[in-house]
Amino acid sequence: MSAIILTPKKIARLLFTEQLKWSIWFLSFMFVIYIGFLIFSGDSIASFIDVVHFSNGSISIYLFVIGILAMSTFFRYYINLGATRKNFFLGVIASSMLLTIAITVIITFLSFVIHFIAGTPSILDMANIRSSNLLDSILTLLQFFISSVMVYMIYYLMGWMISLTFYRSSWLYGLLSIAAAIVIAGITGFLWEGTHISFFSHISDLPVLVSILLSLLIIGLLFTINYRLIKDVTVKM
Amino acid sequence: MSYGIEVKDLRVRYKDFTAIDSTTFQLKPGKIHGLLGRNGAGKTTLLSVLAAFRKADAGSIKIDGEDPFENPRIMQDTIFIYDQHQDLEYLYEKIDKTLKETAALRPNFDEAYALHLAKKFKLPLNKKLNQLSKGKKSAFQAIIGLAARAPLTIFDEAYLGMDAPTRDIFYKEILNDQEKNPRTIIFSTHLVSETAYLFDEVLMIHNGEVLLQDTNEQVISKGFSITGSSEQVDDFTKNLDVLNSQVLGGTKSVMVYGELTEQQRHAANQAGLEIGALSLHDLFVHLTKEEEE
């Protein structure tokens, strides 16, 4: 008996490599656009936003889209190669976590590079922390990091949920899943400012820890929904 | 390595349509099984359940003693070749690279053999998959199916789009490689006349049920033709299961399903009737004929 080749780890590695390639293309284009804005915004550079805030919204949407593609591009490919649905599911989960972390690292790094070269505001400036307190800066960065990874993750999982629902059932359930995604995006917007849809943003002043816990809950919920959708889905032929 | 299959009381439904109805059969390991059935008979549904692409609604399937659904070992050791032309339309990778990738992810894949086959099928290795013609796309899939040497290999009308000479190469390669590396092959088709010689065993399904299952020889021996003068043929076959009859002048030729006793054979000879063999194709066509046709 031969060992299982397409383990969750192997699938995660292959998916991550492929999606990272796409992401580098995406980030490069976004970076070029940002530089373009910098050049044409003339002397108001100092008041211009940093690359992170500039790109935050589009990265979420980008992750939403590749979440959709996780199903249509990769699912049948791996099943045809003899992977189980469960291993594919775990592979997607692991690769999406790695990807959201990688994207956040890259964008943070870019922000600092431009800050030092062109004098644009850094992430820290945007958070209005201008004190030289190192701890505050580190905490701000950490919060930025955690919130970005979580928001990106939620958007990825929402995209995947919608494509899974359309794959598995009728268009009616598909539309319902879109409605559910809008609600989830709204709640996420409430937890972390700066997403696309934000209900009750006027009362959005939650302690960070609560936001983190609620985000984890949403992510856990999306994991569960997506697993329920995929675990015995019929592979379309 | 090859896997045996046991299917018991299998049922698959699509909303209010029963595609497979309480079907029971066994497939011996290491043989080439011809799965014959007309369009819509339930061939693809049956195969997709065997390949764990679909969950059965009732009944049990055992492949190498285990339920294949979500079974990492059985799923890895099964290859299901069906019409994937739509997928290939969106693959922009070159053929040699794709073969290499597949080789890395399939446990028994023989890359050298795949390259040998690519040459035989005249597949341009440096061409992208989406640029291939229909027939070449099928040839590419056939190569993957053969070179994977999976203990359970399923070809579901895998020849679609291939021209006759290419199909011939494909069939011969199945026989050649099966001799050297035996596995369980299920080959579904409705082109019975040109593939009959491939099969060790035949499983014929109709309207979601097993019509007959036996070795190829046994199946063929169950049918025969009787030719002679009209009255004598009618007289001889009045108690037999006649599938089809043709009259030409005073001569009548009928196809009969069932086995003849020595006595009957003798009587036929005495009456000057000619007994001939039926082909699998004839049997298939007439056994699966609907009443109104």
# chains A, B, ... in the order shown; residues from 1 in each chain; ligands from 1
$ interface_residues --of "chain B" --to "chain A" --cutoff "9 Å" --atoms "only C-alpha atoms" --output "count of residues only"
28
$ select_by_dssp --residues "range 238-268 of chain B" --states "strand (DSSP E)" --output "PyMOL selection string"
chain B and resi 241-248+251-257
$ atom_distance --atom1 "CA of Tyr113 in chain B" --atom2 "CA of Ile144 in chain B"
10.0 Å
$ closest_residue --among "B:Lys238, B:Arg11, B:Arg183, B:Arg265" --to "Phe224 in chain B" --atoms "only C-alpha atoms"
B:Arg265
$ closest_residue --among "A:Ala12, A:Leu69, A:Val51, A:Val105" --to "Ile162 in chain A" --atoms "only C-alpha atoms"
A:Leu69
$ select_by_dssp --residues "range 91-215 of chain A" --states "alpha helix (DSSP H)" --output "MDAnalysis selection string"
chainID A and resid 91:118 123:126 134:168 171:191 208:215
$ residues_around --residues "range 4-6 of chain B" --least-positions-apart "2" --cutoff "8 Å" --atoms "only C-alpha atoms" --output "list of chain:residue names"
B:Ser2, B:Lys8, B:Thr24, B:Phe25, B:Gln26, B:Leu27, B:Lys28, B:Pro29, B:Gly30, B:Ile61, B:Lys62, B:Ile63, B:Asp64, B:Gly65, B:Thr184
$ write_last_selection --atoms "N, CA and C atoms" --output "compact mmCIF listing (two decimals), in the first residue's frame"
# COMPACT_ATOMS: atom_id res chain seq x y z
N SER B 2 -4.59 -4.87 -8.08
CA SER B 2 -5.91 -4.57 -8.65
C SER B 2 -6.99 -4.84 -7.62
N LYS B 8 -23.85 -3.80 -3.63
CA LYS B 8 -25.04 -4.49 -3.12
C LYS B 8 -26.20 -3.51 -2.96
N THR B 24 -27.13 -4.99 -7.78
CA THR B 24 -26.15 -5.82 -7.08
C THR B 24 -25.27 -6.51 -8.11
N PHE B 25 -23.96 -6.39 -7.95
CA PHE B 25 -23.04 -7.14 -8.82
C PHE B 25 -21.65 -7.13 -8.21
N GLN B 26 -20.80 -7.99 -8.74
CA GLN B 26 -19.41 -8.01 -8.30
C GLN B 26 -18.51 -7.95 -9.51
N LEU B 27 -17.39 -7.25 -9.36
CA LEU B 27 -16.41 -7.21 -10.45
C LEU B 27 -15.12 -7.82 -9.94
N LYS B 28 -14.62 -8.80 -10.69
CA LYS B 28 -13.39 -9.49 -10.26
C LYS B 28 -12.18 -8.58 -10.46
N PRO B 29 -11.19 -8.70 -9.57
CA PRO B 29 -9.98 -7.89 -9.73
C PRO B 29 -9.15 -8.35 -10.93
N GLY B 30 -8.41 -7.43 -11.50
CA GLY B 30 -7.46 -7.77 -12.55
C GLY B 30 -8.06 -8.05 -13.92
N ILE B 61 -21.15 -0.24 -1.25
CA ILE B 61 -20.09 -0.49 -2.23
C ILE B 61 -18.84 -0.84 -1.46
N LYS B 62 -18.18 -1.90 -1.87
CA LYS B 62 -16.89 -2.23 -1.26
C LYS B 62 -15.88 -2.34 -2.39
N ILE B 63 -14.83 -1.54 -2.29
CA ILE B 63 -13.73 -1.66 -3.24
C ILE B 63 -12.51 -2.11 -2.44
N ASP B 64 -11.96 -3.23 -2.82
CA ASP B 64 -10.88 -3.84 -2.05
C ASP B 64 -11.29 -3.95 -0.56
N GLY B 65 -12.54 -4.26 -0.36
CA GLY B 65 -13.04 -4.51 1.00
C GLY B 65 -13.48 -3.28 1.78
N THR B 184 -7.72 -3.52 -12.31
CA THR B 184 -9.14 -3.66 -12.63
C THR B 184 -9.53 -2.49 -13.51
$ residues_around --residues "range 217-219 of chain B" --least-positions-apart "3" --cutoff "8 Å" --atoms "only C-alpha atoms" --output "PyMOL selection string"
chain B and resi 202+213-214+222-223+280
$ atom_distance --atom1 "CA of Ala103 in chain B" --atom2 "CA of Ala148 in chain B"
7.7 Å
$ residues_around --residues "Thr100 in chain A" --least-positions-apart "5" --cutoff "8 Å" --atoms "only C-alpha atoms" --output "NGL selection string"
:A and (149 or 152-153)
$ residues_around --residues "Ser193 in chain B" --least-positions-apart "5" --cutoff "10 Å" --atoms "only C-alpha atoms" --output "list in words"
Ser279, Leu280, His281, Asp282 and Phe284 of chain B
$ atom_distance --atom1 "CA of Thr166 in chain B" --atom2 "CA of Thr98 in chain B"
21.2 Å
